[in-house]
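Novice: I'd like to ask some things about the structure below.
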Amino acid sequence: MRYLDSSKMFFEQYGKPLIEQNFPEFVGRYAAGLVGRGSECFGYEDVTSLDHDIEPGFCLWLLDEDYEICCEALDEAYDSLPSEFMGIHLSKSSLHHDKRKGVFSISSFYSELIGYPDVPHNNLVWTSIPQYALAEATNGTIFVDQYGEFTRIRNGLLRYYPQDVVLVKLSKCFINMAQAGQYNFERCLRHGENGAAVLALDTFVRESIRAAFLINGRFCPYYKWALRALSEIQGTSTLCQSLDYLLTGSNEGNSIVRKINAIERVSNMFITWSRDKGLSSSSSDYLEQHAYQIRDKVKDEKLQSFNIFEA
């Protein structure tokens, strides 16, 4: 059984009765579910995941004014719930373990994850929020939200970045892919700097993954789940295979040529896409040229002033 399912069962068995019996004034004014940091919120937990930072529980979100009234009492009531459920219990916490379940105000929950308490109101705010943070704020599931405020913000985030923000972020991905993969990987090897070559490949792969998510209108999660999440998007199998090879294949002998070819193959996928979407008309096989053409499509004057490397 997935943790998301057991979390909902835990809420139905313990959380819902706790509120109805002890805090009836908030019935119909709260949201509950499981959203946020952790593999269990993405549905990626396995046996290894269960060795730390996973415990029985759920998230309970209140309007700010309600949270101010009852946060201490409701926190205490939540902490009294069983510490073990269906074989799940908190065995140990990481050094920097933060609060992932329990009682939250809606605004503080979103502020903690994305640095903003509501749906961003302009492109500059949207641009400042990394994909992984938005992935954490929109994953998981909502069990109940009769009032609808938590869902309103969630749905606003799920509508994705505004188009100008996508273009700015995509142009940054393209230019970093060009410099790290198409230009610097082979040069680092020629200099005998094998470690630098691996870093170049890592940068190329990370930026390729981010670009693929931007193209598909999805938020890229934290790096350790990024390839898995990318493989779940339809039409990405060839891309995933190439990126996996770049990370895991040898950097010696004939493998170098194969990796250079893989870099060009991945680059060509993105170049073809940008041309098909009318974002670039360049005939160049070097991604940097396409990055600047994509950047030229941005209409927001404030975003146009951004350094392409800092978007």
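Just remember, in the structure tokens the first chain shown is A, the second B, etc., residues are 1-based per chain, and ligands are 1-based in the order shown.
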Got a sec: who's within 12 Å of A:Glu232, counting only C-alpha atoms, leaving out chain neighbours fewer than 4 positions off, as a tab-separated table (two decimals) with N, CA and C atoms, in the first residue's frame?

Specialist:
chain	number	residue	atom	x	y	z
A	44	TYR	N	6.94	8.02	-4.18
A	44	TYR	CA	8.19	7.35	-4.54
A	44	TYR	C	8.81	6.56	-3.39
A	212	ALA	N	13.28	19.87	-20.09
A	212	ALA	CA	12.23	18.93	-20.49
A	212	ALA	C	10.96	19.15	-19.68
A	213	PHE	N	11.11	19.41	-18.39
A	213	PHE	CA	9.94	19.69	-17.56
A	213	PHE	C	9.27	21.00	-17.98
A	216	ASN	N	7.22	20.49	-21.01
A	216	ASN	CA	6.02	19.69	-20.77
A	216	ASN	C	5.07	20.30	-19.74
A	218	ARG	N	5.47	20.85	-16.58
A	218	ARG	CA	5.51	20.16	-15.29
A	218	ARG	C	6.65	20.72	-14.45
A	220	CYS	N	9.85	20.21	-12.14
A	220	CYS	CA	10.89	19.21	-11.90
A	220	CYS	C	11.15	19.09	-10.40
A	225	TRP	N	14.97	12.67	-7.50
A	225	TRP	CA	13.76	12.09	-8.10
A	225	TRP	C	13.55	12.58	-9.53
A	226	ALA	N	14.44	13.42	-10.02
A	226	ALA	CA	14.20	14.11	-11.30
A	226	ALA	C	14.12	13.14	-12.48
A	227	LEU	N	15.08	12.23	-12.59
A	227	LEU	CA	15.07	11.29	-13.72
A	227	LEU	C	13.86	10.36	-13.65
A	228	ARG	N	13.53	9.92	-12.46
A	228	ARG	CA	12.36	9.05	-12.31
A	228	ARG	C	11.10	9.78	-12.74
A	236	THR	N	9.38	10.66	-23.40
A	236	THR	CA	10.72	11.03	-22.93
A	236	THR	C	11.67	9.85	-22.79
A	237	SER	N	11.28	8.68	-23.24
A	237	SER	CA	12.10	7.48	-22.99
A	237	SER	C	13.48	7.60	-23.64
A	239	LEU	N	15.11	10.34	-24.45
A	239	LEU	CA	15.84	11.37	-23.72
A	239	LEU	C	16.38	10.81	-22.41
A	240	CYS	N	15.55	10.10	-21.67
A	240	CYS	CA	15.98	9.54	-20.38
A	240	CYS	C	17.13	8.55	-20.56

Novice: Go through stretch 15-37 of chain A and flag each residue having an atom no more than 12 Å from stretch 77-80 of chain A; for those, report the closest pair of atoms plus their distance in Å to one decimal, using only C-alpha atoms, ordered by chain and rising number, as a tab-separated table.

Specialist:
residue	atom	partner	partner_atom	distance
A:Gly15	CA	A:Tyr78	CA	7.7
A:Lys16	CA	A:Tyr78	CA	10.8
A:Pro17	CA	A:Tyr78	CA	11.4
A:Leu18	CA	A:Ala77	CA	7.7
A:Ile19	CA	A:Ala77	CA	9.1
A:Gln21	CA	A:Ala77	CA	11.3
A:Asn22	CA	A:Ala77	CA	8.7
A:Phe23	CA	A:Ala77	CA	10.0

Novice: Next, write the just-selected residues to a file, as a PDB file, in the first residue's frame, keeping N, CA and C atoms as the atom set.

Specialist:
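Wrote selection01.pdb, looks like this:
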ATOM      1  N   GLY A  15      -7.793  11.537  12.449  1.00  0.00           N
ATOM      2  CA  GLY A  15      -7.792  12.987  12.286  1.00  0.00           C
ATOM      3  C   GLY A  15      -9.172  13.593  12.193  1.00  0.00           C
ATOM      4  N   LYS A  16      -9.994  13.028  11.344  1.00  0.00           N
ATOM      5  CA  LYS A  16     -11.339  13.568  11.160  1.00  0.00           C
ATOM      6  C   LYS A  16     -12.167  13.511  12.449  1.00  0.00           C
ATOM      7  N   PRO A  17     -12.170  12.379  13.159  1.00  0.00           N
ATOM      8  CA  PRO A  17     -12.916  12.346  14.426  1.00  0.00           C
ATOM      9  C   PRO A  17     -12.356  13.326  15.458  1.00  0.00           C
ATOM     10  N   LEU A  18     -11.029  13.508  15.460  1.00  0.00           N
ATOM     11  CA  LEU A  18     -10.424  14.443  16.408  1.00  0.00           C
ATOM     12  C   LEU A  18     -10.984  15.846  16.224  1.00  0.00           C
ATOM     13  N   ILE A  19     -11.111  16.271  14.982  1.00  0.00           N
ATOM     14  CA  ILE A  19     -11.627  17.620  14.710  1.00  0.00           C
ATOM     15  C   ILE A  19     -13.123  17.699  15.013  1.00  0.00           C
ATOM     16  N   GLN A  21     -14.961  15.975  17.016  1.00  0.00           N
ATOM     17  CA  GLN A  21     -15.324  15.822  18.413  1.00  0.00           C
ATOM     18  C   GLN A  21     -14.757  16.920  19.311  1.00  0.00           C
ATOM     19  N   ASN A  22     -13.566  17.426  18.964  1.00  0.00           N
ATOM     20  CA  ASN A  22     -12.899  18.374  19.851  1.00  0.00           C
ATOM     21  C   ASN A  22     -12.844  19.812  19.321  1.00  0.00           C
ATOM     22  N   PHE A  23     -12.994  19.964  18.003  1.00  0.00           N
ATOM     23  CA  PHE A  23     -12.927  21.304  17.407  1.00  0.00           C
ATOM     24  C   PHE A  23     -14.060  21.465  16.392  1.00  0.00           C
TER      25      PHE A  23
END

Novice: Grab the atom CA of A:Phe42 to atom CA of A:Thr203 distance for me, in Å with one decimal place.

Specialist: 24.1 Å

Novice: Given the choices A:Leu199, A:Leu158, A:Leu124, A:Leu230, which gets closest to A:Glu301 if the distance is worked out from only C-alpha atoms?

Specialist: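 Selected residue with least distance to A:Glu301: A:Leu124.
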
Novice: Between A:Ile106, A:Arg29, A:Leu201, A:Tyr222, which one has atoms that come closest to A:Ala262, using only C-alpha atoms?

Specialist: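 Ranked by minimum distance to A:Ala262, first place goes to A:Leu201.
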
Novice: Just how far from atom CA of A:Arg265 is atom CA of A:Val205, in Å to one decimal?

Specialist: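 Atom-to-atom, atom CA of A:Val205 and atom CA of A:Arg265 are spaced 12.5 Å apart.
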
Novice: If you count only C-alpha atoms, which residues fall within 10 Å of A:Ala211, apart from same-chain ones fewer than 2 positions away, as a PDB file with C-alpha atoms, in the first residue's frame?

Specialist:
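Final file, part09.pdb:
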ATOM      1  CA  VAL A 166       8.969  29.662 -19.095  1.00  0.00           C
ATOM      2  CA  LYS A 169      14.011  29.777 -17.657  1.00  0.00           C
ATOM      3  CA  LEU A 170      14.210  27.727 -20.844  1.00  0.00           C
ATOM      4  CA  SER A 171      16.731  30.085 -22.412  1.00  0.00           C
ATOM      5  CA  LYS A 172      18.903  29.711 -19.312  1.00  0.00           C
ATOM      6  CA  CYS A 173      18.706  25.913 -19.573  1.00  0.00           C
ATOM      7  CA  PHE A 174      19.680  25.996 -23.239  1.00  0.00           C
ATOM      8  CA  MET A 177      23.502  23.006 -21.804  1.00  0.00           C
ATOM      9  CA  VAL A 205      22.056  16.571 -17.640  1.00  0.00           C
ATOM     10  CA  ARG A 206      20.505  18.690 -14.877  1.00  0.00           C
ATOM     11  CA  GLU A 207      19.715  21.521 -17.275  1.00  0.00           C
ATOM     12  CA  SER A 208      18.340  19.083 -19.848  1.00  0.00           C
ATOM     13  CA  ILE A 209      15.974  17.648 -17.261  1.00  0.00           C
ATOM     14  CA  PHE A 213       9.940  19.691 -17.563  1.00  0.00           C
ATOM     15  CA  LEU A 214       9.506  23.289 -18.710  1.00  0.00           C
ATOM     16  CA  ILE A 215       8.588  22.101 -22.191  1.00  0.00           C
ATOM     17  CA  ASN A 216       6.021  19.686 -20.773  1.00  0.00           C
ATOM     18  CA  GLY A 217       4.496  22.172 -18.334  1.00  0.00           C
ATOM     19  CA  CYS A 220      10.892  19.214 -11.901  1.00  0.00           C
ATOM     20  CA  PHE A 270      15.581  20.398 -27.863  1.00  0.00           C
TER      21      PHE A 270
END

Novice: So what do you get for atom CA of A:Ser39 versus atom CA of A:Met269, distance-wise?

Specialist: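 Separating atom CA of A:Ser39 from atom CA of A:Met269 is a distance of 29.7 Å.
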
Novice: Would you kindly return, as a PyMOL selection string, each protein, DNA or RNA residue with an atom no farther than 12 Å from any atom of A:Phe11, considering only C-alpha atoms and excluding same-chain residues fewer than 5 positions away?

Specialist: chain A and resi 4-6+16-19+31-34+56-60+78+81-82+85+101-102+142-144

Novice: Would you mind exporting the chosen residues as a PDB file, in the first residue's frame, restricted to C-alpha atoms?

Specialist:
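For reference, again_33.pdb as written:
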ATOM      1  CA  LEU A   4      -0.479   8.335   0.487  1.00  0.00           C
ATOM      2  CA  ASP A   5      -3.223   5.755   0.909  1.00  0.00           C
ATOM      3  CA  SER A   6      -2.258   4.862   4.472  1.00  0.00           C
ATOM      4  CA  LYS A  16     -11.339  13.568  11.160  1.00  0.00           C
ATOM      5  CA  PRO A  17     -12.916  12.346  14.426  1.00  0.00           C
ATOM      6  CA  LEU A  18     -10.424  14.443  16.408  1.00  0.00           C
ATOM      7  CA  ILE A  19     -11.627  17.620  14.710  1.00  0.00           C
ATOM      8  CA  ALA A  31      -8.194  21.199   4.515  1.00  0.00           C
ATOM      9  CA  ALA A  32      -6.357  17.935   5.054  1.00  0.00           C
ATOM     10  CA  GLY A  33      -4.065  15.880   2.880  1.00  0.00           C
ATOM     11  CA  LEU A  34      -0.439  15.033   2.246  1.00  0.00           C
ATOM     12  CA  PRO A  56       2.143   8.151  10.450  1.00  0.00           C
ATOM     13  CA  GLY A  57       0.386  11.406   9.791  1.00  0.00           C
ATOM     14  CA  PHE A  58      -1.128  13.969   7.474  1.00  0.00           C
ATOM     15  CA  CYS A  59      -1.173  17.717   6.947  1.00  0.00           C
ATOM     16  CA  LEU A  60      -3.955  19.813   8.425  1.00  0.00           C
ATOM     17  CA  TYR A  78      -2.458  16.144  16.814  1.00  0.00           C
ATOM     18  CA  LEU A  81      -2.457  10.694  17.841  1.00  0.00           C
ATOM     19  CA  PRO A  82      -0.919   7.199  17.597  1.00  0.00           C
ATOM     20  CA  PHE A  85      -0.072   2.913  12.131  1.00  0.00           C
ATOM     21  CA  LYS A 101       3.118  16.805   8.863  1.00  0.00           C
ATOM     22  CA  GLY A 102       0.822  18.274  11.458  1.00  0.00           C
ATOM     23  CA  ILE A 142      -5.861  16.568  -0.762  1.00  0.00           C
ATOM     24  CA  PHE A 143      -8.230  14.427   1.293  1.00  0.00           C
ATOM     25  CA  VAL A 144     -10.761  17.131   2.084  1.00  0.00           C
TER      26      VAL A 144
END

Novice: Please return, as a PyMOL selection string, all residues of stretch 46-259 of chain A that DSSP assigns to strand (DSSP E) on the basis of the backbone.

Specialist: chain A and resi 59-62+84-85+88-89+102-105+141-145

Novice: Give me the residues within 8 Å of A:Thr138 as a PyMOL selection string, counting only C-alpha atoms and dropping any in the same chain fewer than 4 places off.

Specialist: chain A and resi 35-36+134+154+157-158

Novice: Next, write the just-selected residues to a file, as an mmCIF file, in the first residue's frame, keeping C-alpha atoms as the atom set.

Specialist:
data_model
loop_
_atom_site.group_PDB
_atom_site.id
_atom_site.type_symbol
_atom_site.label_atom_id
_atom_site.label_comp_id
_atom_site.auth_asym_id
_atom_site.auth_seq_id
_atom_site.Cartn_x
_atom_site.Cartn_y
_atom_site.Cartn_z
ATOM 1 C CA VAL A 35 1.640 17.552 0.311
ATOM 2 C CA GLY A 36 5.225 18.735 0.558
ATOM 3 C CA LEU A 134 6.725 24.236 -6.844
ATOM 4 C CA ARG A 154 -2.767 24.827 -5.298
ATOM 5 C CA LEU A 157 0.271 27.018 -8.941
ATOM 6 C CA LEU A 158 -0.673 24.037 -11.100
#

Novice: Nearest to A:Trp61 among A:Tyr147, A:Tyr3, A:Trp126, A:Tyr132, with distances taken over only C-alpha atoms: which residue is it?

Specialist: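 Closest candidate: A:Tyr147.
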
Novice: From stretch 123-271 of chain A, collect each residue whose DSSP state is helix (DSSP H, G or I) and return the set as a PyMOL selection string.

Specialist: chain A and resi 123-128+131-138+149-158+163-190+194-215+223-231+237-248+254-271

Novice: Write out as an MDAnalysis selection string the residues lying within 12 Å of A:Pro120, counting only C-alpha atoms and excluding same-chain residues fewer than 3 positions away.

Specialist: chainID A and resid 110:111 114:117 123:129 134 153:154 156:162 165
